[in-house]
Amino acid sequence: MVNLLADGWTLTQRRLFRLRHQPGTLLTMLMMPTAFVVLFGFVFGSAIRVPGTSHYREFMMPGLFVMTTGTALSTAMVEVATDQARGVMERLRSLPTHRVSVPLGQSGAEGILGAYGLAVLMVCGLVVGWRPHHGVLPTLVGVGLLLLLRYTLAWVGTYLGLVVRSARTAAGLTPLTLPLAMVSNALVPTDRMPVRLRAICEWNPLSATATAARKLFGNPGTPGPDAAWPLTHPVTASLLWAGLLLLIFVPLSARRFARAGL
């Protein structure tokens, strides 16, 4: 276990050190939150009404936290597929490292980058009027759930990158991850949606985390009593979704990495 964690941390550092040669990545992570806040908060927000509040941006910000967190799926997929195409994975596979260490390092790096991106987005939210109202501890729990979601989706993206193997194909699949965020309650409440669409949105893992963040931050958007179970018990549902996805994709990623060269 010690060797596994040491190898995983070494590969996490490898991913982070590469950013020294990719300053555009950090710049993009700095600019995109601002663009999202302006677009959804001031352009689309003027046409969206949330029951029980006139302050849409208070409802919107936890949803944006979840949306940007969800990008871990696509970024991890592209990074891993790029390493596959360049032969990096073959080199790592030939080293005496645990087969879980490579996907562990990729997912760990995404978690650290997610903390940076989330901090930038929270600052943008504070500028436009968003506030956490329930104190330090619930706020930290909410942040922890958001980072857990990013870490979990990074494992999903890592597995997909190992399966796809082509950097071009992975980049082409990136837009297909957008519906995962849009078909949720991240930006609009679900109470006025058609029945079938509402059911899909309410059982989306991103919806559970967005609702949990709103609850922990004290922001508007509390679901009604007729909402699905994940929205009436959002913190528990977020933890269960994360546990289920990790239980599925951690062994799948490890097995795929070990067998990819066969």
# chains A, B, ... in the order shown; residues from 1 in each chain; ligands from 1
$ residues_around --residues "range 150-159 of chain A" --least-positions-apart "6" --cutoff "7 Å" --atoms "only C-alpha atoms" --output "list in words"
Thr69, Gly70, Ala72, Leu73, Ser74, Ala76, Met77, Val80, Pro103, Ser107, Gly108, Glu110, Gly111, Gly114, Ala242, Leu245, Leu246, Phe249, Val250, Leu252 and Ser253 of chain A
$ select_by_dssp --residues "range 4-147 of chain A" --states "alpha helix (DSSP H)" --output "PyMOL selection string"
chain A and resi 4-17+23-38+56-69+72-86+88-93+101-127+136-147
$ residues_around --residues "Leu104 in chain A" --least-positions-apart "2" --cutoff "9 Å" --atoms "only C-alpha atoms" --output "PDB file with all heavy atoms, in the first residue's frame"
ATOM      1  N   LEU A   4       2.250   1.701  -3.392  1.00  0.00           N
ATOM      2  CA  LEU A   4       1.183   2.141  -4.290  1.00  0.00           C
ATOM      3  C   LEU A   4       0.945   3.635  -4.160  1.00  0.00           C
ATOM      4  O   LEU A   4       0.874   4.364  -5.159  1.00  0.00           O
ATOM      5  CB  LEU A   4      -0.105   1.368  -3.987  1.00  0.00           C
ATOM      6  CG  LEU A   4      -1.385   1.889  -4.664  1.00  0.00           C
ATOM      7  CD1 LEU A   4      -1.260   1.826  -6.179  1.00  0.00           C
ATOM      8  CD2 LEU A   4      -2.598   1.093  -4.186  1.00  0.00           C
ATOM      9  N   LEU A   5       0.835   4.131  -2.926  1.00  0.00           N
ATOM     10  CA  LEU A   5       0.599   5.558  -2.710  1.00  0.00           C
ATOM     11  C   LEU A   5       1.792   6.395  -3.172  1.00  0.00           C
ATOM     12  O   LEU A   5       1.616   7.483  -3.734  1.00  0.00           O
ATOM     13  CB  LEU A   5       0.304   5.813  -1.234  1.00  0.00           C
ATOM     14  CG  LEU A   5      -0.989   5.192  -0.687  1.00  0.00           C
ATOM     15  CD1 LEU A   5      -1.117   5.456   0.805  1.00  0.00           C
ATOM     16  CD2 LEU A   5      -2.206   5.743  -1.431  1.00  0.00           C
ATOM     17  N   ASP A   7       3.944   5.586  -5.580  1.00  0.00           N
ATOM     18  CA  ASP A   7       3.926   5.605  -7.044  1.00  0.00           C
ATOM     19  C   ASP A   7       2.820   6.528  -7.564  1.00  0.00           C
ATOM     20  O   ASP A   7       3.018   7.274  -8.535  1.00  0.00           O
ATOM     21  CB  ASP A   7       3.713   4.191  -7.589  1.00  0.00           C
ATOM     22  CG  ASP A   7       4.918   3.296  -7.363  1.00  0.00           C
ATOM     23  OD1 ASP A   7       5.997   3.838  -7.062  1.00  0.00           O
ATOM     24  OD2 ASP A   7       4.770   2.068  -7.482  1.00  0.00           O
ATOM     25  N   GLY A   8       1.653   6.457  -6.901  1.00  0.00           N
ATOM     26  CA  GLY A   8       0.549   7.316  -7.316  1.00  0.00           C
ATOM     27  C   GLY A   8       0.884   8.789  -7.170  1.00  0.00           C
ATOM     28  O   GLY A   8       0.575   9.603  -8.046  1.00  0.00           O
ATOM     29  N   TRP A   9       1.558   9.138  -6.066  1.00  0.00           N
ATOM     30  CA  TRP A   9       1.927  10.540  -5.843  1.00  0.00           C
ATOM     31  C   TRP A   9       2.978  10.991  -6.857  1.00  0.00           C
ATOM     32  O   TRP A   9       2.935  12.120  -7.343  1.00  0.00           O
ATOM     33  CB  TRP A   9       2.430  10.722  -4.426  1.00  0.00           C
ATOM     34  CG  TRP A   9       2.962  12.103  -4.149  1.00  0.00           C
ATOM     35  CD1 TRP A   9       4.210  12.451  -3.759  1.00  0.00           C
ATOM     36  CD2 TRP A   9       2.230  13.336  -4.247  1.00  0.00           C
ATOM     37  NE1 TRP A   9       4.316  13.809  -3.603  1.00  0.00           N
ATOM     38  CE2 TRP A   9       3.118  14.377  -3.901  1.00  0.00           C
ATOM     39  CE3 TRP A   9       0.916  13.646  -4.591  1.00  0.00           C
ATOM     40  CZ2 TRP A   9       2.735  15.712  -3.890  1.00  0.00           C
ATOM     41  CZ3 TRP A   9       0.528  14.984  -4.592  1.00  0.00           C
ATOM     42  CH2 TRP A   9       1.423  16.003  -4.242  1.00  0.00           C
ATOM     43  N   LEU A  11       3.283   9.958  -9.918  1.00  0.00           N
ATOM     44  CA  LEU A  11       2.599  10.165 -11.196  1.00  0.00           C
ATOM     45  C   LEU A  11       1.656  11.364 -11.131  1.00  0.00           C
ATOM     46  O   LEU A  11       1.403  12.013 -12.151  1.00  0.00           O
ATOM     47  CB  LEU A  11       1.845   8.895 -11.592  1.00  0.00           C
ATOM     48  CG  LEU A  11       2.787   7.732 -11.958  1.00  0.00           C
ATOM     49  CD1 LEU A  11       2.043   6.421 -12.004  1.00  0.00           C
ATOM     50  CD2 LEU A  11       3.474   8.002 -13.288  1.00  0.00           C
ATOM     51  N   THR A  12       1.142  11.655  -9.950  1.00  0.00           N
ATOM     52  CA  THR A  12       0.365  12.894  -9.781  1.00  0.00           C
ATOM     53  C   THR A  12       1.257  14.105 -10.015  1.00  0.00           C
ATOM     54  O   THR A  12       0.884  15.058 -10.710  1.00  0.00           O
ATOM     55  CB  THR A  12      -0.240  12.960  -8.365  1.00  0.00           C
ATOM     56  OG1 THR A  12      -1.154  11.874  -8.187  1.00  0.00           O
ATOM     57  CG2 THR A  12      -0.978  14.275  -8.149  1.00  0.00           C
ATOM     58  N   VAL A 100      -2.490  -0.009 -10.395  1.00  0.00           N
ATOM     59  CA  VAL A 100      -3.457   1.035 -10.035  1.00  0.00           C
ATOM     60  C   VAL A 100      -2.792   2.400  -9.963  1.00  0.00           C
ATOM     61  O   VAL A 100      -3.466   3.431 -10.002  1.00  0.00           O
ATOM     62  CB  VAL A 100      -4.129   0.698  -8.683  1.00  0.00           C
ATOM     63  CG1 VAL A 100      -5.173   1.745  -8.302  1.00  0.00           C
ATOM     64  CG2 VAL A 100      -4.792  -0.666  -8.744  1.00  0.00           C
ATOM     65  N   SER A 101      -1.460   2.449  -9.868  1.00  0.00           N
ATOM     66  CA  SER A 101      -0.779   3.711  -9.588  1.00  0.00           C
ATOM     67  C   SER A 101      -0.939   4.733 -10.705  1.00  0.00           C
ATOM     68  O   SER A 101      -1.047   5.939 -10.438  1.00  0.00           O
ATOM     69  CB  SER A 101       0.707   3.460  -9.327  1.00  0.00           C
ATOM     70  OG  SER A 101       1.333   2.879 -10.458  1.00  0.00           O
ATOM     71  N   VAL A 102      -0.963   4.280 -11.962  1.00  0.00           N
ATOM     72  CA  VAL A 102      -1.073   5.231 -13.074  1.00  0.00           C
ATOM     73  C   VAL A 102      -2.444   5.908 -13.089  1.00  0.00           C
ATOM     74  O   VAL A 102      -2.527   7.141 -13.091  1.00  0.00           O
ATOM     75  CB  VAL A 102      -0.767   4.541 -14.412  1.00  0.00           C
ATOM     76  CG1 VAL A 102      -1.034   5.486 -15.570  1.00  0.00           C
ATOM     77  CG2 VAL A 102       0.682   4.086 -14.445  1.00  0.00           C
ATOM     78  N   GLN A 106      -3.346   9.996 -12.184  1.00  0.00           N
ATOM     79  CA  GLN A 106      -4.149  10.857 -13.046  1.00  0.00           C
ATOM     80  C   GLN A 106      -5.342  11.431 -12.282  1.00  0.00           C
ATOM     81  O   GLN A 106      -5.638  12.625 -12.356  1.00  0.00           O
ATOM     82  CB  GLN A 106      -4.638  10.076 -14.262  1.00  0.00           C
ATOM     83  CG  GLN A 106      -5.538  10.856 -15.201  1.00  0.00           C
ATOM     84  CD  GLN A 106      -4.832  12.032 -15.841  1.00  0.00           C
ATOM     85  OE1 GLN A 106      -3.695  11.924 -16.264  1.00  0.00           O
ATOM     86  NE2 GLN A 106      -5.507  13.182 -15.904  1.00  0.00           N
ATOM     87  N   SER A 107      -6.022  10.586 -11.530  1.00  0.00           N
ATOM     88  CA  SER A 107      -7.196  11.035 -10.780  1.00  0.00           C
ATOM     89  C   SER A 107      -6.803  11.990  -9.663  1.00  0.00           C
ATOM     90  O   SER A 107      -7.506  12.972  -9.394  1.00  0.00           O
ATOM     91  CB  SER A 107      -7.933   9.822 -10.201  1.00  0.00           C
ATOM     92  OG  SER A 107      -8.297   8.919 -11.217  1.00  0.00           O
ATOM     93  N   GLY A 108      -5.662  11.710  -9.011  1.00  0.00           N
ATOM     94  CA  GLY A 108      -5.206  12.607  -7.964  1.00  0.00           C
ATOM     95  C   GLY A 108      -4.869  13.989  -8.494  1.00  0.00           C
ATOM     96  O   GLY A 108      -5.186  15.012  -7.866  1.00  0.00           O
ATOM     97  N   ALA A 109      -4.243  14.049  -9.673  1.00  0.00           N
ATOM     98  CA  ALA A 109      -3.922  15.340 -10.282  1.00  0.00           C
ATOM     99  C   ALA A 109      -5.187  16.110 -10.614  1.00  0.00           C
ATOM    100  O   ALA A 109      -5.257  17.335 -10.422  1.00  0.00           O
ATOM    101  CB  ALA A 109      -3.077  15.133 -11.535  1.00  0.00           C
ATOM    102  N   TRP A 155     -11.839   9.186 -12.441  1.00  0.00           N
ATOM    103  CA  TRP A 155     -11.663   7.743 -12.640  1.00  0.00           C
ATOM    104  C   TRP A 155     -12.470   7.262 -13.845  1.00  0.00           C
ATOM    105  O   TRP A 155     -12.003   6.422 -14.617  1.00  0.00           O
ATOM    106  CB  TRP A 155     -12.084   6.979 -11.390  1.00  0.00           C
ATOM    107  CG  TRP A 155     -11.003   6.891 -10.358  1.00  0.00           C
ATOM    108  CD1 TRP A 155     -10.869   7.678  -9.249  1.00  0.00           C
ATOM    109  CD2 TRP A 155      -9.897   5.983 -10.337  1.00  0.00           C
ATOM    110  NE1 TRP A 155      -9.746   7.319  -8.545  1.00  0.00           N
ATOM    111  CE2 TRP A 155      -9.140   6.273  -9.180  1.00  0.00           C
ATOM    112  CE3 TRP A 155      -9.476   4.956 -11.175  1.00  0.00           C
ATOM    113  CZ2 TRP A 155      -7.984   5.565  -8.850  1.00  0.00           C
ATOM    114  CZ3 TRP A 155      -8.325   4.243 -10.846  1.00  0.00           C
ATOM    115  CH2 TRP A 155      -7.590   4.549  -9.704  1.00  0.00           C
ATOM    116  N   VAL A 250     -12.640   2.017 -10.550  1.00  0.00           N
ATOM    117  CA  VAL A 250     -11.269   1.790 -10.077  1.00  0.00           C
ATOM    118  C   VAL A 250     -10.754   0.428 -10.544  1.00  0.00           C
ATOM    119  O   VAL A 250      -9.679   0.347 -11.174  1.00  0.00           O
ATOM    120  CB  VAL A 250     -11.177   1.948  -8.548  1.00  0.00           C
ATOM    121  CG1 VAL A 250      -9.820   1.446  -8.036  1.00  0.00           C
ATOM    122  CG2 VAL A 250     -11.369   3.402  -8.143  1.00  0.00           C
ATOM    123  N   ALA A 254      -7.838  -0.209 -13.497  1.00  0.00           N
ATOM    124  CA  ALA A 254      -6.630  -0.984 -13.200  1.00  0.00           C
ATOM    125  C   ALA A 254      -6.502  -2.165 -14.151  1.00  0.00           C
ATOM    126  O   ALA A 254      -5.417  -2.443 -14.680  1.00  0.00           O
ATOM    127  CB  ALA A 254      -6.677  -1.470 -11.749  1.00  0.00           C
TER     128      ALA A 254
END
$ closest_residue --among "A:Leu148, A:Val164, A:Leu140, A:Leu39" --to "Leu240 in chain A" --atoms "only C-alpha atoms"
A:Leu148
$ atom_distance --atom1 "CA of Gly24 in chain A" --atom2 "CA of Arg86 in chain A"
20.7 Å
$ residues_around --residues "range 190-203 of chain A" --least-positions-apart "4" --cutoff "9 Å" --atoms "only C-alpha atoms" --output "list in words"
Met182, Val183, Ser184, Asn185, Ser207, Ala208, Pro223, Gly224, Ala227, Ala228, Trp229, Pro230 and Leu231 of chain A
$ write_last_selection --atoms "N, CA, C and O atoms" --output "PDB file, in the first residue's frame"
ATOM      1  N   MET A 182     -25.967  19.300 -18.425  1.00  0.00           N
ATOM      2  CA  MET A 182     -27.169  20.045 -18.803  1.00  0.00           C
ATOM      3  C   MET A 182     -28.445  19.322 -18.388  1.00  0.00           C
ATOM      4  O   MET A 182     -29.445  19.956 -18.063  1.00  0.00           O
ATOM      5  N   VAL A 183     -28.429  17.967 -18.429  1.00  0.00           N
ATOM      6  CA  VAL A 183     -29.618  17.210 -18.019  1.00  0.00           C
ATOM      7  C   VAL A 183     -29.524  16.962 -16.515  1.00  0.00           C
ATOM      8  O   VAL A 183     -29.386  15.835 -16.034  1.00  0.00           O
ATOM      9  N   SER A 184     -29.592  18.032 -15.778  1.00  0.00           N
ATOM     10  CA  SER A 184     -29.525  17.993 -14.322  1.00  0.00           C
ATOM     11  C   SER A 184     -30.205  19.248 -13.793  1.00  0.00           C
ATOM     12  O   SER A 184     -30.733  20.059 -14.555  1.00  0.00           O
ATOM     13  N   ASN A 185     -30.173  19.419 -12.482  1.00  0.00           N
ATOM     14  CA  ASN A 185     -30.750  20.628 -11.897  1.00  0.00           C
ATOM     15  C   ASN A 185     -29.683  21.672 -11.616  1.00  0.00           C
ATOM     16  O   ASN A 185     -29.865  22.553 -10.774  1.00  0.00           O
ATOM     17  N   SER A 207     -26.959  16.150 -10.129  1.00  0.00           N
ATOM     18  CA  SER A 207     -28.083  16.819  -9.470  1.00  0.00           C
ATOM     19  C   SER A 207     -28.018  16.632  -7.956  1.00  0.00           C
ATOM     20  O   SER A 207     -28.296  17.563  -7.186  1.00  0.00           O
ATOM     21  N   ALA A 208     -27.661  15.426  -7.522  1.00  0.00           N
ATOM     22  CA  ALA A 208     -27.557  15.170  -6.082  1.00  0.00           C
ATOM     23  C   ALA A 208     -26.493  16.057  -5.453  1.00  0.00           C
ATOM     24  O   ALA A 208     -26.709  16.653  -4.384  1.00  0.00           O
ATOM     25  N   PRO A 223     -35.544  21.165  -2.919  1.00  0.00           N
ATOM     26  CA  PRO A 223     -36.573  20.455  -3.678  1.00  0.00           C
ATOM     27  C   PRO A 223     -37.824  20.225  -2.841  1.00  0.00           C
ATOM     28  O   PRO A 223     -37.768  20.181  -1.602  1.00  0.00           O
ATOM     29  N   GLY A 224     -38.963  20.070  -3.516  1.00  0.00           N
ATOM     30  CA  GLY A 224     -40.216  19.807  -2.831  1.00  0.00           C
ATOM     31  C   GLY A 224     -40.301  18.382  -2.324  1.00  0.00           C
ATOM     32  O   GLY A 224     -39.455  17.533  -2.645  1.00  0.00           O
ATOM     33  N   ALA A 227     -40.045  15.361  -4.786  1.00  0.00           N
ATOM     34  CA  ALA A 227     -38.819  15.113  -5.547  1.00  0.00           C
ATOM     35  C   ALA A 227     -38.323  13.691  -5.302  1.00  0.00           C
ATOM     36  O   ALA A 227     -38.688  13.038  -4.317  1.00  0.00           O
ATOM     37  N   ALA A 228     -37.486  13.206  -6.201  1.00  0.00           N
ATOM     38  CA  ALA A 228     -36.929  11.859  -6.069  1.00  0.00           C
ATOM     39  C   ALA A 228     -36.002  11.776  -4.846  1.00  0.00           C
ATOM     40  O   ALA A 228     -35.501  12.790  -4.350  1.00  0.00           O
ATOM     41  N   TRP A 229     -35.749  10.553  -4.398  1.00  0.00           N
ATOM     42  CA  TRP A 229     -34.966  10.337  -3.180  1.00  0.00           C
ATOM     43  C   TRP A 229     -33.595  11.010  -3.215  1.00  0.00           C
ATOM     44  O   TRP A 229     -33.171  11.582  -2.188  1.00  0.00           O
ATOM     45  N   PRO A 230     -32.841  10.990  -4.327  1.00  0.00           N
ATOM     46  CA  PRO A 230     -31.518  11.637  -4.304  1.00  0.00           C
ATOM     47  C   PRO A 230     -31.567  13.116  -3.984  1.00  0.00           C
ATOM     48  O   PRO A 230     -30.586  13.664  -3.457  1.00  0.00           O
ATOM     49  N   LEU A 231     -32.683  13.782  -4.284  1.00  0.00           N
ATOM     50  CA  LEU A 231     -32.765  15.220  -4.010  1.00  0.00           C
ATOM     51  C   LEU A 231     -33.306  15.512  -2.626  1.00  0.00           C
ATOM     52  O   LEU A 231     -33.063  16.596  -2.085  1.00  0.00           O
TER      53      LEU A 231
END
$ residues_around --residues "Tyr116 in chain A" --least-positions-apart "6" --cutoff "10 Å" --atoms "only C-alpha atoms" --output "PDB file with all heavy atoms, in the first residue's frame"
ATOM      1  N   LEU A  26      -3.771  26.515 -17.210  1.00  0.00           N
ATOM      2  CA  LEU A  26      -4.108  27.276 -16.006  1.00  0.00           C
ATOM      3  C   LEU A  26      -4.832  28.566 -16.348  1.00  0.00           C
ATOM      4  O   LEU A  26      -5.736  29.004 -15.630  1.00  0.00           O
ATOM      5  CB  LEU A  26      -2.836  27.575 -15.212  1.00  0.00           C
ATOM      6  CG  LEU A  26      -2.134  26.360 -14.596  1.00  0.00           C
ATOM      7  CD1 LEU A  26      -0.842  26.793 -13.912  1.00  0.00           C
ATOM      8  CD2 LEU A  26      -3.040  25.644 -13.614  1.00  0.00           C
ATOM      9  N   MET A  29      -8.417  27.730 -17.066  1.00  0.00           N
ATOM     10  CA  MET A  29      -9.132  27.457 -15.821  1.00  0.00           C
ATOM     11  C   MET A  29      -9.412  28.744 -15.047  1.00  0.00           C
ATOM     12  O   MET A  29     -10.313  28.786 -14.207  1.00  0.00           O
ATOM     13  CB  MET A  29      -8.332  26.501 -14.950  1.00  0.00           C
ATOM     14  CG  MET A  29      -8.189  25.107 -15.544  1.00  0.00           C
ATOM     15  SD  MET A  29      -7.257  23.992 -14.469  1.00  0.00           S
ATOM     16  CE  MET A  29      -8.412  23.809 -13.105  1.00  0.00           C
ATOM     17  N   LEU A  30      -8.663  29.793 -15.345  1.00  0.00           N
ATOM     18  CA  LEU A  30      -8.891  31.092 -14.711  1.00  0.00           C
ATOM     19  C   LEU A  30      -9.966  31.889 -15.443  1.00  0.00           C
ATOM     20  O   LEU A  30     -10.770  32.587 -14.819  1.00  0.00           O
ATOM     21  CB  LEU A  30      -7.576  31.882 -14.675  1.00  0.00           C
ATOM     22  CG  LEU A  30      -7.561  33.196 -13.907  1.00  0.00           C
ATOM     23  CD1 LEU A  30      -7.810  32.954 -12.427  1.00  0.00           C
ATOM     24  CD2 LEU A  30      -6.238  33.908 -14.098  1.00  0.00           C
ATOM     25  N   GLU A 110      -6.195  15.408 -11.115  1.00  0.00           N
ATOM     26  CA  GLU A 110      -7.458  16.077 -11.432  1.00  0.00           C
ATOM     27  C   GLU A 110      -8.107  16.642 -10.174  1.00  0.00           C
ATOM     28  O   GLU A 110      -8.719  17.709 -10.201  1.00  0.00           O
ATOM     29  CB  GLU A 110      -8.411  15.100 -12.118  1.00  0.00           C
ATOM     30  CG  GLU A 110      -8.058  14.787 -13.555  1.00  0.00           C
ATOM     31  CD  GLU A 110      -8.136  16.003 -14.461  1.00  0.00           C
ATOM     32  OE1 GLU A 110      -8.919  16.924 -14.168  1.00  0.00           O
ATOM     33  OE2 GLU A 110      -7.396  16.041 -15.454  1.00  0.00           O
TER      34      GLU A 110
END
$ residues_around --residues "range 170-177 of chain A" --least-positions-apart "3" --cutoff "9 Å" --atoms "only C-alpha atoms" --output "list in words"
Gly70, Thr71, Leu73, Ser74, Thr75, Met77, Val78, Glu79, Ala81, Thr82, Leu160, Gly161, Val164, Arg165, Ser166, Ala167, Leu180 and Ala181 of chain A
$ write_last_selection --atoms "N, CA and C atoms" --output "CSV table (one decimal), in the first residue's frame"
chain,number,residue,atom,x,y,z
A,70,GLY,N,-17.5,18.6,-13.2
A,70,GLY,CA,-17.8,17.5,-14.1
A,70,GLY,C,-16.9,17.5,-15.3
A,71,THR,N,-16.1,18.6,-15.5
A,71,THR,CA,-15.2,18.6,-16.7
A,71,THR,C,-14.0,17.6,-16.4
A,73,LEU,N,-14.2,14.5,-16.2
A,73,LEU,CA,-14.4,13.3,-17.0
A,73,LEU,C,-13.7,13.5,-18.4
A,74,SER,N,-14.0,14.7,-19.0
A,74,SER,CA,-13.4,14.9,-20.3
A,74,SER,C,-11.9,15.2,-20.3
A,75,THR,N,-11.4,15.9,-19.3
A,75,THR,CA,-10.0,16.2,-19.3
A,75,THR,C,-9.2,15.0,-19.0
A,77,MET,N,-10.1,11.9,-19.7
A,77,MET,CA,-10.1,11.1,-20.9
A,77,MET,C,-9.1,11.5,-21.9
A,78,VAL,N,-9.1,12.8,-22.2
A,78,VAL,CA,-8.2,13.3,-23.2
A,78,VAL,C,-6.7,13.1,-22.8
A,79,GLU,N,-6.4,13.4,-21.5
A,79,GLU,CA,-5.0,13.3,-21.1
A,79,GLU,C,-4.5,11.8,-21.2
A,81,ALA,N,-5.8,9.4,-23.0
A,81,ALA,CA,-5.8,9.0,-24.4
A,81,ALA,C,-4.5,9.5,-25.1
A,82,THR,N,-4.1,10.8,-24.8
A,82,THR,CA,-2.9,11.4,-25.4
A,82,THR,C,-1.7,10.6,-25.0
A,160,LEU,N,-12.3,5.7,-19.7
A,160,LEU,CA,-12.6,5.9,-21.0
A,160,LEU,C,-11.4,6.2,-21.9
A,161,GLY,N,-10.5,7.0,-21.3
A,161,GLY,CA,-9.2,7.3,-22.1
A,161,GLY,C,-8.4,6.0,-22.4
A,164,VAL,N,-10.5,4.3,-25.3
A,164,VAL,CA,-10.5,5.0,-26.6
A,164,VAL,C,-9.1,5.0,-27.2
A,165,ARG,N,-8.0,5.3,-26.4
A,165,ARG,CA,-6.6,5.2,-26.8
A,165,ARG,C,-6.2,6.3,-27.9
A,166,SER,N,-7.1,6.8,-28.6
A,166,SER,CA,-6.8,7.9,-29.6
A,166,SER,C,-7.1,9.2,-29.0
A,167,ALA,N,-6.1,10.1,-29.1
A,167,ALA,CA,-6.3,11.5,-28.6
A,167,ALA,C,-7.3,12.2,-29.4
A,180,LEU,N,-24.4,15.5,-19.7
A,180,LEU,CA,-24.4,15.0,-18.4
A,180,LEU,C,-24.6,16.2,-17.4
A,181,ALA,N,-24.1,17.4,-17.7
A,181,ALA,CA,-24.3,18.5,-16.8
A,181,ALA,C,-25.6,19.2,-17.1
$ residues_around --residues "Cys124 in chain A" --least-positions-apart "2" --cutoff "12 Å" --atoms "only C-alpha atoms" --output "mmCIF file with N, CA and C atoms, in the first residue's frame"
data_model
loop_
_atom_site.group_PDB
_atom_site.id
_atom_site.type_symbol
_atom_site.label_atom_id
_atom_site.label_comp_id
_atom_site.auth_asym_id
_atom_site.auth_seq_id
_atom_site.Cartn_x
_atom_site.Cartn_y
_atom_site.Cartn_z
ATOM 1 N N LEU A 30 -8.663 29.793 -15.345
ATOM 2 C CA LEU A 30 -8.891 31.092 -14.711
ATOM 3 C C LEU A 30 -9.966 31.889 -15.443
ATOM 4 N N MET A 31 -10.008 31.756 -16.768
ATOM 5 C CA MET A 31 -10.926 32.566 -17.565
ATOM 6 C C MET A 31 -12.315 31.941 -17.698
ATOM 7 N N MET A 32 -12.381 30.610 -17.798
ATOM 8 C CA MET A 32 -13.662 29.965 -18.020
ATOM 9 C C MET A 32 -14.675 30.231 -16.913
ATOM 10 N N PRO A 33 -14.294 30.170 -15.619
ATOM 11 C CA PRO A 33 -15.283 30.487 -14.582
ATOM 12 C C PRO A 33 -15.900 31.867 -14.742
ATOM 13 N N THR A 34 -15.075 32.845 -15.087
ATOM 14 C CA THR A 34 -15.605 34.192 -15.293
ATOM 15 C C THR A 34 -16.604 34.219 -16.438
ATOM 16 N N ALA A 35 -16.271 33.536 -17.532
ATOM 17 C CA ALA A 35 -17.179 33.478 -18.674
ATOM 18 C C ALA A 35 -18.483 32.784 -18.304
ATOM 19 N N PHE A 36 -18.419 31.692 -17.538
ATOM 20 C CA PHE A 36 -19.622 30.976 -17.123
ATOM 21 C C PHE A 36 -20.518 31.848 -16.254
ATOM 22 N N VAL A 37 -19.907 32.550 -15.305
ATOM 23 C CA VAL A 37 -20.699 33.391 -14.401
ATOM 24 C C VAL A 37 -21.411 34.496 -15.176
ATOM 25 N N VAL A 38 -20.699 35.128 -16.107
ATOM 26 C CA VAL A 38 -21.306 36.199 -16.901
ATOM 27 C C VAL A 38 -22.402 35.653 -17.799
ATOM 28 N N GLY A 41 -25.189 33.788 -15.389
ATOM 29 C CA GLY A 41 -25.727 34.650 -14.352
ATOM 30 C C GLY A 41 -26.410 35.898 -14.865
ATOM 31 N N ARG A 57 -28.622 34.039 -9.072
ATOM 32 C CA ARG A 57 -27.209 33.713 -8.967
ATOM 33 C C ARG A 57 -26.891 32.924 -7.694
ATOM 34 N N MET A 61 -24.844 29.367 -8.617
ATOM 35 C CA MET A 61 -23.436 29.126 -8.330
ATOM 36 C C MET A 61 -23.133 27.683 -7.915
ATOM 37 N N LEU A 64 -22.982 25.752 -11.047
ATOM 38 C CA LEU A 64 -21.747 25.974 -11.807
ATOM 39 C C LEU A 64 -20.560 25.259 -11.166
ATOM 40 N N PHE A 65 -20.538 25.208 -9.834
ATOM 41 C CA PHE A 65 -19.483 24.445 -9.175
ATOM 42 C C PHE A 65 -19.501 22.993 -9.663
ATOM 43 N N GLY A 117 -9.490 25.198 -9.627
ATOM 44 C CA GLY A 117 -10.591 25.726 -10.428
ATOM 45 C C GLY A 117 -11.790 26.101 -9.577
ATOM 46 N N LEU A 118 -12.084 25.295 -8.548
ATOM 47 C CA LEU A 118 -13.218 25.595 -7.673
ATOM 48 C C LEU A 118 -12.978 26.871 -6.881
ATOM 49 N N ALA A 119 -11.745 27.080 -6.431
ATOM 50 C CA ALA A 119 -11.420 28.299 -5.692
ATOM 51 C C ALA A 119 -11.613 29.537 -6.565
ATOM 52 N N VAL A 120 -11.176 29.453 -7.827
ATOM 53 C CA VAL A 120 -11.356 30.583 -8.743
ATOM 54 C C VAL A 120 -12.840 30.861 -8.955
ATOM 55 N N LEU A 121 -13.631 29.818 -9.156
ATOM 56 C CA LEU A 121 -15.059 30.000 -9.400
ATOM 57 C C LEU A 121 -15.764 30.555 -8.167
ATOM 58 N N MET A 122 -15.356 30.144 -6.989
ATOM 59 C CA MET A 122 -15.968 30.671 -5.771
ATOM 60 C C MET A 122 -15.684 32.160 -5.608
ATOM 61 N N LEU A 126 -18.439 35.103 -5.291
ATOM 62 C CA LEU A 126 -18.488 36.123 -4.246
ATOM 63 C C LEU A 126 -18.595 37.520 -4.848
ATOM 64 N N VAL A 127 -17.945 37.721 -5.980
ATOM 65 C CA VAL A 127 -17.987 39.030 -6.639
ATOM 66 C C VAL A 127 -19.397 39.377 -7.111
ATOM 67 N N VAL A 128 -20.147 38.366 -7.596
ATOM 68 C CA VAL A 128 -21.480 38.639 -8.149
ATOM 69 C C VAL A 128 -22.593 38.464 -7.121
ATOM 70 N N GLY A 129 -22.250 38.239 -5.855
ATOM 71 C CA GLY A 129 -23.276 38.234 -4.821
ATOM 72 C C GLY A 129 -23.585 36.905 -4.177
ATOM 73 N N TRP A 130 -22.934 35.829 -4.616
ATOM 74 C CA TRP A 130 -23.169 34.533 -3.980
ATOM 75 C C TRP A 130 -22.487 34.491 -2.621
ATOM 76 N N ARG A 131 -23.163 33.864 -1.651
ATOM 77 C CA ARG A 131 -22.587 33.714 -0.324
ATOM 78 C C ARG A 131 -22.951 32.352 0.261
#
$ closest_residue --among "A:Arg256, A:Thr169, A:Gly218, A:Pro205" --to "Leu244 in chain A" --atoms "only C-alpha atoms"
A:Pro205
$ atom_distance --atom1 "CA of Pro132 in chain A" --atom2 "CA of Val235 in chain A"
16.5 Å
$ closest_residue --among "A:Ala85, A:Val188, A:Val123, A:Met67" --to "Leu206 in chain A" --atoms "only C-alpha atoms"
A:Met67
